[in-house]
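Engineer: Have a look at this one.
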Amino acid sequence: MSAMNPETTTAVIPKKRARIGLLVDIRKNKLLYVMLLPVLLFYVIFHYAPMYGAVIAFKDFSPRLGIGDSPWIGFEHFKTFFTGAYFWRTIKNTLLISFYELLFGFPAPIVLALLLNEVRHTLFKRTVQTVTYLPHFISLVVICGIVKDFTSADGVINDILVYMGGERLSLLLEPDMFRSIYVSSGIWQHIGWGTIIFLAALTGIDPEQYEAARMDGAGRWKQMLHVTIPGLMPTIVILLILSIGRLMNVGFEKIILLYNPGTYETADVISSYVYRVGLQDFNYSFSSAVGLFNSAINFMLVIFSNWLSRKLNNTSLW
């Protein structure tokens, strides 16, 4: 009998110890794992199990035949999308809207959290937090209704424009205005909610660092630059990686509620195109192929941004 390789034995022992440790932990915390079970079942049933349906992207799917019996056609749907008239338009609009949200929307809650952290009047601070949180809990349909009313020809925004010498315009009918309206309304809706995680991260910064900075003569501005922002940086990097991973994932709900045929040129994104083709034209296989392509790009963006972050500042998701 041949002797076991010492390197193999060394690698196997930690794995056995990890399994034994997991079993011991499960026995000690049975109730906690029982509480975790519904969450796991939710993700398995509603997130992982439906992934089987992605195979229809490679088939000429027919509801009558079902997923299994529908004929395979390979990458035909992908070729149709890549050579179609809407490929570059949807890619361009998706990237531009996502880039604007990343450029203006991502820093907005960070700036608000830094400002709130400097406020010493407790009542004013809590009032601002409450007012900025509220839009997040309003239904998206209501939010879009408010945006439509405000940007209509007789809305508040046009009243301000007329007062400043401008002309009345139905802003949502202007293709050049759609992206600005979409991004700015998103910032207004989510800026308060986004500050929660950054304010929580601020509480983890050691107060002794501020004391040391004050002893070195640093004012509040330099304390923020040299203590607060570096303390937030790990949280910022993690959220930035997740945001980059959603770069191609502009939600179709708000787009559909705000856009119209006149603004398709600047408003039509991949998700809204998938919605129209899949649910309105009943072309399930083609829409699945487009959605699968979008998901694959998002996955690669997450991998790349995580790798880049790990290389630059040793902070990453894994």
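Labels used: A, B, ... for chains in the order of the structure tokens, numbers from 1 for residues in each chain, and numbers from 1 for ligands as shown.
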List the spatial neighbours of region 195-205 of chain A as a count of residues only - criterion: any atom at most 7 Å away, only C-alpha atoms, same-chain residues fewer than 5 positions off excluded.

Structural biologist: 6

Engineer: For the interface of region 209-295 of chain A with region 308-312 of chain A (cut-off 9 Å, counting only C-alpha atoms), please tabulate each contacting residue of region 209-295 of chain A alongside its nearest pair of atoms and their separation in Å to one decimal, rows sorted by chain and increasing number, as a tab-separated table.

Structural biologist:
```
residue	atom	partner	partner_atom	distance
A:Val237	CA	A:Ser309	CA	7.3
A:Ile238	CA	A:Ser309	CA	8.8
A:Ile241	CA	A:Ser309	CA	7.9
```

Engineer: Store the residues of this selection in a file with C-alpha atoms, as an mmCIF file, in the first residue's frame.

Structural biologist:
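Once written, result-v5.cif looks like this:
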```cif
data_model
loop_
_atom_site.group_PDB
_atom_site.id
_atom_site.type_symbol
_atom_site.label_atom_id
_atom_site.label_comp_id
_atom_site.auth_asym_id
_atom_site.auth_seq_id
_atom_site.Cartn_x
_atom_site.Cartn_y
_atom_site.Cartn_z
ATOM 1 C CA VAL A 237 -15.999 49.967 -1.942
ATOM 2 C CA ILE A 238 -18.324 47.030 -1.221
ATOM 3 C CA ILE A 241 -18.802 46.755 -6.422
#
```

Engineer: Skipping near chain neighbours, those fewer than 6 positions away, what residues fall within 7 Å of region 136-150 of chain A using only C-alpha atoms, listed as a list in words?

Structural biologist: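 Result of the neighbour search: Val156, Ile157, Gln189, His190, Trp193, Leu257 and Leu258 of chain A.
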
Engineer: Only all heavy atoms, please: the residues just picked out, written as an mmCIF file, in the first residue's frame.

Structural biologist:
```cif
data_model
loop_
_atom_site.group_PDB
_atom_site.id
_atom_site.type_symbol
_atom_site.label_atom_id
_atom_site.label_comp_id
_atom_site.auth_asym_id
_atom_site.auth_seq_id
_atom_site.Cartn_x
_atom_site.Cartn_y
_atom_site.Cartn_z
ATOM 1 N N VAL A 156 -45.463 72.061 -11.423
ATOM 2 C CA VAL A 156 -44.701 72.981 -10.586
ATOM 3 C C VAL A 156 -43.383 73.376 -11.252
ATOM 4 O O VAL A 156 -42.983 74.548 -11.213
ATOM 5 C CB VAL A 156 -44.410 72.323 -9.213
ATOM 6 C CG1 VAL A 156 -43.504 73.212 -8.378
ATOM 7 C CG2 VAL A 156 -45.697 72.036 -8.473
ATOM 8 N N ILE A 157 -42.705 72.405 -11.859
ATOM 9 C CA ILE A 157 -41.415 72.700 -12.482
ATOM 10 C C ILE A 157 -41.578 73.709 -13.609
ATOM 11 O O ILE A 157 -40.767 74.634 -13.768
ATOM 12 C CB ILE A 157 -40.757 71.403 -12.987
ATOM 13 C CG1 ILE A 157 -40.428 70.489 -11.808
ATOM 14 C CG2 ILE A 157 -39.488 71.709 -13.783
ATOM 15 C CD1 ILE A 157 -39.837 69.156 -12.199
ATOM 16 N N GLN A 189 -35.851 59.884 -4.358
ATOM 17 C CA GLN A 189 -36.591 58.805 -3.717
ATOM 18 C C GLN A 189 -35.724 57.981 -2.765
ATOM 19 O O GLN A 189 -36.195 57.555 -1.706
ATOM 20 C CB GLN A 189 -37.191 57.873 -4.771
ATOM 21 C CG GLN A 189 -38.069 56.774 -4.183
ATOM 22 C CD GLN A 189 -38.643 55.854 -5.239
ATOM 23 O OE1 GLN A 189 -38.316 55.967 -6.416
ATOM 24 N NE2 GLN A 189 -39.497 54.935 -4.821
ATOM 25 N N HIS A 190 -34.460 57.760 -3.083
ATOM 26 C CA HIS A 190 -33.660 56.787 -2.336
ATOM 27 C C HIS A 190 -32.504 57.383 -1.546
ATOM 28 O O HIS A 190 -31.801 56.638 -0.860
ATOM 29 C CB HIS A 190 -33.101 55.736 -3.299
ATOM 30 C CG HIS A 190 -34.159 54.970 -4.026
ATOM 31 N ND1 HIS A 190 -35.089 54.176 -3.382
ATOM 32 C CD2 HIS A 190 -34.452 54.881 -5.358
ATOM 33 C CE1 HIS A 190 -35.895 53.619 -4.270
ATOM 34 N NE2 HIS A 190 -35.539 54.037 -5.465
ATOM 35 N N TRP A 193 -32.822 56.745 2.314
ATOM 36 C CA TRP A 193 -32.680 55.330 2.658
ATOM 37 C C TRP A 193 -31.232 54.875 2.499
ATOM 38 O O TRP A 193 -30.742 54.076 3.288
ATOM 39 C CB TRP A 193 -33.606 54.504 1.779
ATOM 40 C CG TRP A 193 -33.605 53.042 2.086
ATOM 41 C CD1 TRP A 193 -32.992 52.047 1.385
ATOM 42 C CD2 TRP A 193 -34.253 52.402 3.190
ATOM 43 N NE1 TRP A 193 -33.219 50.835 1.970
ATOM 44 C CE2 TRP A 193 -33.996 51.019 3.089
ATOM 45 C CE3 TRP A 193 -35.039 52.853 4.258
ATOM 46 C CZ2 TRP A 193 -34.489 50.090 3.995
ATOM 47 C CZ3 TRP A 193 -35.535 51.922 5.166
ATOM 48 C CH2 TRP A 193 -35.256 50.574 5.028
ATOM 49 N N LEU A 257 -43.364 53.035 -16.648
ATOM 50 C CA LEU A 257 -44.326 53.989 -16.104
ATOM 51 C C LEU A 257 -44.073 55.420 -16.580
ATOM 52 O O LEU A 257 -44.988 56.248 -16.558
ATOM 53 C CB LEU A 257 -44.286 53.951 -14.572
ATOM 54 C CG LEU A 257 -44.852 52.681 -13.923
ATOM 55 C CD1 LEU A 257 -44.530 52.652 -12.441
ATOM 56 C CD2 LEU A 257 -46.354 52.589 -14.142
ATOM 57 N N LEU A 258 -42.835 55.711 -17.004
ATOM 58 C CA LEU A 258 -42.503 57.087 -17.381
ATOM 59 C C LEU A 258 -42.348 57.297 -18.888
ATOM 60 O O LEU A 258 -42.590 58.396 -19.369
ATOM 61 C CB LEU A 258 -41.204 57.528 -16.683
ATOM 62 C CG LEU A 258 -41.243 57.716 -15.170
ATOM 63 C CD1 LEU A 258 -39.879 58.132 -14.647
ATOM 64 C CD2 LEU A 258 -42.293 58.758 -14.768
#
```

Engineer: Between A:Met164, A:Leu37, A:Ile73, A:Met300, which residue has the minimum interatomic distance to Ala57 (chain A), considering only C-alpha atoms?

Structural biologist: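 Checking each candidate against Ala57 (chain A), we get A:Ile73 as the closest.
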
Engineer: Just to confirm, what's the straight-line distance from CA of Asp268 (chain A) to CA of Gly186 (chain A) in Å (one decimal)?

Structural biologist: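 Result for CA of Asp268 (chain A) versus CA of Gly186 (chain A): 17.0 Å, one decimal.
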
Engineer: Would you list the contacts of Pro71 (chain A) as number ranges by chain, taking every protein, DNA or RNA residue within 10 Å and counting only C-alpha atoms, but skipping same-chain residues closer than 3 positions in sequence?

Structural biologist: A: 56, 58-62, 65-68, 74

Engineer: Return the single residue from A:Thr94, A:Asn314, A:Thr151, A:Asn306 that is closest to Asn294 (chain A), with distances computed using only C-alpha atoms.

Structural biologist: A:Thr94

Engineer: Have a look at A:Phe106, A:Leu171, A:Trp307, A:Tyr182 and name the one nearest to Gly262 (chain A); count only C-alpha atoms.

Structural biologist: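 Of A:Phe106, A:Leu171, A:Trp307, A:Tyr182, the one nearest Gly262 (chain A) is A:Leu171, counting only C-alpha atoms.
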
Engineer: List the neighbours of Pro230 (chain A) out to 12 Å using only C-alpha atoms; skip same-chain residues closer than 3 positions along the sequence, and give me the result as a CSV table (one decimal) with N, CA, C and O atoms, in the first residue's frame.

Structural biologist:
```csv
chain,number,residue,atom,x,y,z
A,201,ALA,N,-22.2,52.8,9.4
A,201,ALA,CA,-20.7,52.6,9.3
A,201,ALA,C,-20.0,53.7,10.1
A,201,ALA,O,-18.9,53.4,10.7
A,202,LEU,N,-20.5,54.9,10.1
A,202,LEU,CA,-19.9,56.0,10.9
A,202,LEU,C,-19.8,55.7,12.4
A,202,LEU,O,-18.8,56.2,13.0
A,204,GLY,N,-19.1,53.0,13.7
A,204,GLY,CA,-18.0,52.1,14.0
A,204,GLY,C,-16.6,52.7,13.9
A,204,GLY,O,-15.6,52.0,14.2
A,205,ILE,N,-16.5,54.0,13.6
A,205,ILE,CA,-15.2,54.7,13.6
A,205,ILE,C,-14.8,55.0,15.1
A,205,ILE,O,-15.6,55.5,15.8
A,206,ASP,N,-13.6,54.6,15.4
A,206,ASP,CA,-13.1,54.8,16.8
A,206,ASP,C,-13.0,56.3,17.1
A,206,ASP,O,-12.4,57.1,16.4
A,209,GLN,N,-9.7,58.3,17.2
A,209,GLN,CA,-9.1,58.8,16.0
A,209,GLN,C,-9.4,60.3,15.8
A,209,GLN,O,-8.6,61.1,15.4
A,222,LYS,N,-10.9,68.8,8.0
A,222,LYS,CA,-9.8,67.8,7.9
A,222,LYS,C,-10.1,66.5,8.6
A,222,LYS,O,-9.6,65.4,8.2
A,223,GLN,N,-10.8,66.6,9.7
A,223,GLN,CA,-11.2,65.3,10.4
A,223,GLN,C,-12.1,64.5,9.4
A,223,GLN,O,-11.9,63.2,9.4
A,224,MET,N,-13.0,65.1,8.7
A,224,MET,CA,-13.8,64.4,7.7
A,224,MET,C,-12.9,63.8,6.6
A,224,MET,O,-13.2,62.6,6.2
A,225,LEU,N,-11.9,64.5,6.2
A,225,LEU,CA,-11.1,64.1,5.1
A,225,LEU,C,-10.2,62.9,5.5
A,225,LEU,O,-10.0,62.0,4.7
A,226,HIS,N,-9.6,63.0,6.7
A,226,HIS,CA,-8.6,62.1,7.1
A,226,HIS,C,-9.1,61.0,8.1
A,226,HIS,O,-8.3,60.1,8.3
A,227,VAL,N,-10.3,61.2,8.6
A,227,VAL,CA,-10.8,60.1,9.6
A,227,VAL,C,-12.1,59.6,9.1
A,227,VAL,O,-12.2,58.3,8.9
A,233,MET,N,-14.5,54.0,3.8
A,233,MET,CA,-14.0,53.5,2.5
A,233,MET,C,-14.3,52.0,2.3
A,233,MET,O,-14.8,51.7,1.2
A,234,PRO,N,-14.2,51.1,3.3
A,234,PRO,CA,-14.5,49.7,3.0
A,234,PRO,C,-16.0,49.6,2.7
A,234,PRO,O,-16.3,48.8,1.7
A,235,THR,N,-16.9,50.3,3.3
A,235,THR,CA,-18.3,50.2,3.0
A,235,THR,C,-18.6,50.7,1.6
A,235,THR,O,-19.3,50.2,0.9
A,236,ILE,N,-17.9,51.9,1.3
A,236,ILE,CA,-18.1,52.5,0.0
A,236,ILE,C,-17.7,51.5,-1.1
A,236,ILE,O,-18.4,51.4,-2.1
A,237,VAL,N,-16.5,50.9,-0.9
A,237,VAL,CA,-16.0,50.0,-1.9
A,237,VAL,C,-16.9,48.8,-2.2
A,237,VAL,O,-17.2,48.4,-3.3
A,313,ASN,N,-7.0,48.2,-3.4
A,313,ASN,CA,-7.0,48.6,-1.9
A,313,ASN,C,-7.3,47.4,-1.0
A,313,ASN,O,-7.7,47.6,0.1
```
